[in-house]
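Following: one structure in structure tokens, then a few remarks.
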Amino acid sequence: MSVVLGLLSHTLGRVLRSAGLRSGCHAPREPAMEQDKALEVYDIIRTIRDPEKPNTLEELEVVTESCVEVQEIGEEEYLVIIRFTPTVPHCSLATLIGLCLRVKLQRCLPFRHKLEIYISEGTHSTEEDINKQINDKERVAAAMENPNLREIVEQCVTEPD
């Protein structure tokens with residue numbers, strides 16, 4: 001049932017967005033190419049599994065279409081901005097979720113990009129610290145060298161069969 005609701009929510013969101021009835025995080029309406037790229041990004045991240053629940057980030061509404069923004073910053077290069085919302089303001093796994101988002105997008109995005117990942121403003125008690133961690137290349141690289149952490153990330157980003 002939750003899978004059906006997730007697909008229905010995803011489809012309805014696309015219809016509303018393409019009709020111009022829904023905008024992303026109070027952002028101005030994007031040009032068609034950037035909007036297509038944003039949908040492409042969302043399709044990649046929506047299936048990431050939550051580290052402690054059997055649900056996807058889409059099912060838990062940690063990520064939504066409206067919180068993916070894509071801006072063209074050069075010829076065939078884009079800035080991808082993700083603003084995700086942890087399930088609770090003191091979520092201890094918010095940094096891990098941000099790491100999963102970064103890893104999956106780095107692996108799967110088919111276009112040149114720069115990536116910025118943030119916790120939605122006001123949705124976590126330590127959002128500033130977490131935002132710094134998940135956007136620091138050296139910290140991300142160090143985290144992925146930890147075999148236990150890498151295994152958890154792999155479980156979260158691997159597509160279900």
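If you're wondering about the labels, chains in the structure tokens are A, B, ... by order shown, residues count from 1 in each chain, ligands from 1 in order shown.
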| message | What's around Leu39 (chain A) at 9 Å? Count only C-alpha atoms, leave out sequence neighbours fewer than 5 positions away in its own chain, and write the answer as a list in words. | response | Arg14, Glu34, Ile44, Glu65 and Val68 of chain A
Could you write out the selected residues, including all heavy atoms, as an mmCIF file, in the first residue's frame?
```cif
data_model
loop_
_atom_site.group_PDB
_atom_site.id
_atom_site.type_symbol
_atom_site.label_atom_id
_atom_site.label_comp_id
_atom_site.auth_asym_id
_atom_site.auth_seq_id
_atom_site.Cartn_x
_atom_site.Cartn_y
_atom_site.Cartn_z
ATOM 1 N N ARG A 14 4.508 15.366 -10.123
ATOM 2 C CA ARG A 14 4.994 15.670 -11.475
ATOM 3 C C ARG A 14 3.934 16.408 -12.290
ATOM 4 O O ARG A 14 4.227 17.362 -12.992
ATOM 5 C CB ARG A 14 5.391 14.399 -12.205
ATOM 6 C CG ARG A 14 6.745 13.904 -11.827
ATOM 7 C CD ARG A 14 7.147 12.782 -12.723
ATOM 8 N NE ARG A 14 8.584 12.646 -12.617
ATOM 9 C CZ ARG A 14 9.293 11.895 -13.398
ATOM 10 N NH1 ARG A 14 8.725 11.216 -14.369
ATOM 11 N NH2 ARG A 14 10.594 11.803 -13.229
ATOM 12 N N GLU A 34 16.131 22.926 -16.918
ATOM 13 C CA GLU A 34 16.507 22.791 -15.513
ATOM 14 C C GLU A 34 15.453 22.004 -14.743
ATOM 15 O O GLU A 34 15.775 21.232 -13.846
ATOM 16 C CB GLU A 34 16.767 24.162 -14.904
ATOM 17 C CG GLU A 34 18.010 24.803 -15.492
ATOM 18 C CD GLU A 34 18.207 26.253 -15.096
ATOM 19 O OE1 GLU A 34 17.354 26.801 -14.373
ATOM 20 O OE2 GLU A 34 19.214 26.836 -15.522
ATOM 21 N N ILE A 44 16.585 9.836 -9.015
ATOM 22 C CA ILE A 44 17.752 9.116 -8.502
ATOM 23 C C ILE A 44 17.708 9.004 -6.980
ATOM 24 O O ILE A 44 17.973 7.941 -6.426
ATOM 25 C CB ILE A 44 19.056 9.814 -8.956
ATOM 26 C CG1 ILE A 44 19.227 9.667 -10.476
ATOM 27 C CG2 ILE A 44 20.275 9.256 -8.212
ATOM 28 C CD1 ILE A 44 20.327 10.532 -11.062
ATOM 29 N N GLU A 65 10.099 16.273 -4.551
ATOM 30 C CA GLU A 65 10.466 16.938 -5.813
ATOM 31 C C GLU A 65 10.731 18.419 -5.607
ATOM 32 O O GLU A 65 11.617 18.989 -6.228
ATOM 33 C CB GLU A 65 9.331 16.791 -6.835
ATOM 34 C CG GLU A 65 9.290 15.462 -7.526
ATOM 35 C CD GLU A 65 8.222 15.435 -8.590
ATOM 36 O OE1 GLU A 65 7.967 16.473 -9.235
ATOM 37 O OE2 GLU A 65 7.629 14.362 -8.778
ATOM 38 N N VAL A 68 14.400 19.884 -4.750
ATOM 39 C CA VAL A 68 15.532 19.668 -5.648
ATOM 40 C C VAL A 68 15.555 20.856 -6.594
ATOM 41 O O VAL A 68 14.564 21.166 -7.242
ATOM 42 C CB VAL A 68 15.376 18.364 -6.465
ATOM 43 C CG1 VAL A 68 16.514 18.225 -7.474
ATOM 44 C CG2 VAL A 68 15.297 17.155 -5.553
#
```
Counting only C-alpha atoms, what is within 8 Å of Val62 (chain A), bar same-chain residues fewer than 6 positions away, as a short mmCIF file (atom, residue, chain, number, x, y, z; two decimals) with N, CA, C and O atoms, in the first residue's frame?
```
data_model
loop_
_atom_site.label_atom_id
_atom_site.label_comp_id
_atom_site.auth_asym_id
_atom_site.auth_seq_id
_atom_site.Cartn_x
_atom_site.Cartn_y
_atom_site.Cartn_z
N PHE A 84 16.99 18.55 2.19
CA PHE A 84 16.21 17.43 2.71
C PHE A 84 15.74 17.73 4.13
O PHE A 84 16.29 18.57 4.82
N THR A 85 14.67 17.03 4.52
CA THR A 85 14.04 17.26 5.82
C THR A 85 14.09 15.99 6.65
O THR A 85 13.40 15.02 6.33
N PRO A 86 14.91 15.98 7.72
CA PRO A 86 14.94 14.79 8.60
C PRO A 86 13.55 14.54 9.21
O PRO A 86 12.75 15.47 9.33
N THR A 87 13.31 13.31 9.61
CA THR A 87 11.99 12.97 10.15
C THR A 87 11.72 13.63 11.50
O THR A 87 10.57 13.88 11.84
#
```
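Residue nearest Asp50 (chain A) within the list A:Gln155, A:Val103, A:Glu69, A:Ile81: A:Gln155 [criterion: smallest interatomic distance, only C-alpha atoms].
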| said: Going by DSSP on the backbone, which residues of chain A come out as alpha helix (DSSP H)? List them as number ranges by chain. | reply: A: 2-18, 32-45, 94-108, 127-134, 137-145, 147-157
| request: Would you please work out which residue, of A:Asp36, A:Thr95, A:Ile82, A:His90, is nearest to Asp129 (chain A) when using only C-alpha atoms? | output: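 Of the candidates, the smallest distance to Asp129 (chain A) is held by A:Thr95.
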| field | Nearest-residue call for Thr158 (chain A), choices A:Arg107, A:Glu76, A:Tyr42, A:Glu58, using only C-alpha atoms | value |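 Looking at the shortest contact to Thr158 (chain A), the residue is A:Arg107.
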| query | With only C-alpha atoms as the atoms that count, which of A:Glu159, A:Val80, A:Val153, A:Pro54 lies nearest to His113 (chain A)? | reply |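 Smallest separation from His113 (chain A) among the options: A:Val80.
The nearest approach to Asn131 (chain A) among the residues A:Ala32, A:Cys100, A:Ile117, A:Leu105, with only C-alpha atoms taken into account, belongs to A:Ile117.
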| field | Of the listed residues A:Asn148, A:Ser120, A:Ser125, A:Asn55, that which approaches Pro160 (chain A) most closely, counting only C-alpha atoms | value |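 Of all the options, A:Asn55 lies closest to Pro160 (chain A).
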Write down as a JSON list (two decimals) with N, CA, C and O atoms, in the first residue's frame the residues belonging to region 43-89 of chain A that are assigned strand (DSSP E or B) by DSSP computed on the backbone.
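Below is the file that was written, selection.json:
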```
[["chain", "number", "residue", "atom", "x", "y", "z"],
["A", 49, "ARG", "N", 17.25, 4.30, 0.65],
["A", 49, "ARG", "CA", 16.61, 3.75, 1.85],
["A", 49, "ARG", "C", 17.06, 4.51, 3.09],
["A", 49, "ARG", "O", 18.21, 4.93, 3.20],
["A", 56, "THR", "N", 11.82, 4.21, 1.98],
["A", 56, "THR", "CA", 12.69, 5.08, 1.19],
["A", 56, "THR", "C", 12.58, 6.51, 1.72],
["A", 56, "THR", "O", 11.64, 6.84, 2.44],
["A", 68, "VAL", "N", 14.40, 19.88, -4.75],
["A", 68, "VAL", "CA", 15.53, 19.67, -5.65],
["A", 68, "VAL", "C", 15.56, 20.86, -6.59],
["A", 68, "VAL", "O", 14.56, 21.17, -7.24],
["A", 69, "GLU", "N", 16.68, 21.53, -6.64],
["A", 69, "GLU", "CA", 16.83, 22.70, -7.50],
["A", 69, "GLU", "C", 18.05, 22.49, -8.39],
["A", 69, "GLU", "O", 19.09, 22.02, -7.93],
["A", 70, "VAL", "N", 17.92, 22.82, -9.66],
["A", 70, "VAL", "CA", 19.03, 22.70, -10.60],
["A", 70, "VAL", "C", 19.17, 24.03, -11.33],
["A", 70, "VAL", "O", 18.19, 24.58, -11.82],
["A", 71, "GLN", "N", 20.41, 24.53, -11.36],
["A", 71, "GLN", "CA", 20.70, 25.79, -12.05],
["A", 71, "GLN", "C", 21.85, 25.55, -13.03],
["A", 71, "GLN", "O", 22.84, 24.92, -12.67],
["A", 72, "GLU", "N", 21.71, 26.07, -14.23],
["A", 72, "GLU", "CA", 22.80, 25.96, -15.19],
["A", 72, "GLU", "C", 23.88, 26.97, -14.79],
["A", 72, "GLU", "O", 23.60, 28.14, -14.57],
["A", 73, "ILE", "N", 25.13, 26.48, -14.67],
["A", 73, "ILE", "CA", 26.22, 27.37, -14.27],
["A", 73, "ILE", "C", 27.30, 27.49, -15.34],
["A", 73, "ILE", "O", 28.25, 28.24, -15.19],
["A", 74, "GLY", "N", 27.15, 26.77, -16.39],
["A", 74, "GLY", "CA", 28.09, 26.81, -17.51],
["A", 74, "GLY", "C", 27.54, 25.96, -18.62],
["A", 74, "GLY", "O", 26.46, 25.37, -18.50],
["A", 77, "GLU", "N", 26.94, 22.30, -17.67],
["A", 77, "GLU", "CA", 27.30, 22.08, -16.27],
["A", 77, "GLU", "C", 26.23, 22.70, -15.38],
["A", 77, "GLU", "O", 25.76, 23.80, -15.66],
["A", 78, "TYR", "N", 25.87, 21.98, -14.32],
["A", 78, "TYR", "CA", 24.74, 22.40, -13.49],
["A", 78, "TYR", "C", 25.10, 22.37, -12.02],
["A", 78, "TYR", "O", 25.89, 21.55, -11.57],
["A", 79, "LEU", "N", 24.49, 23.28, -11.28],
["A", 79, "LEU", "CA", 24.55, 23.27, -9.82],
["A", 79, "LEU", "C", 23.29, 22.57, -9.34],
["A", 79, "LEU", "O", 22.17, 22.97, -9.67],
["A", 80, "VAL", "N", 23.48, 21.50, -8.58],
["A", 80, "VAL", "CA", 22.36, 20.74, -8.03],
["A", 80, "VAL", "C", 22.30, 21.03, -6.54],
["A", 80, "VAL", "O", 23.28, 20.82, -5.82],
["A", 81, "ILE", "N", 21.16, 21.53, -6.09],
["A", 81, "ILE", "CA", 20.96, 21.85, -4.68],
["A", 81, "ILE", "C", 19.83, 20.97, -4.14],
["A", 81, "ILE", "O", 18.73, 20.96, -4.69],
["A", 82, "ILE", "N", 20.14, 20.24, -3.08],
["A", 82, "ILE", "CA", 19.15, 19.38, -2.42],
["A", 82, "ILE", "C", 18.93, 19.94, -1.02],
["A", 82, "ILE", "O", 19.89, 20.20, -0.30],
["A", 83, "ARG", "N", 17.67, 20.09, -0.63],
["A", 83, "ARG", "CA", 17.32, 20.46, 0.74],
["A", 83, "ARG", "C", 16.42, 19.36, 1.29],
["A", 83, "ARG", "O", 15.28, 19.25, 0.89],
["A", 84, "PHE", "N", 16.99, 18.55, 2.19],
["A", 84, "PHE", "CA", 16.21, 17.43, 2.71],
["A", 84, "PHE", "C", 15.74, 17.73, 4.13],
["A", 84, "PHE", "O", 16.29, 18.57, 4.82]]
```
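Pairwise distance (CA of Thr47 (chain A), CA of Glu75 (chain A)) equals 29.2 Å.
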| task | Find the residues around Thr126 (chain A) up to 10 Å (only C-alpha atoms counted), leave out those fewer than 3 positions away in its own chain, and share them as a count of residues only. | result | 11
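CA of Arg46 (chain A) lies 21.7 Å from CA of Gln133 (chain A).
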| query | What does the distance from CA of Pro147 (chain A) to CA of Cys108 (chain A) come to in Å, to one decimal? | reply |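 Value for the CA of Pro147 (chain A)-CA of Cys108 (chain A) distance: 21.3 Å.
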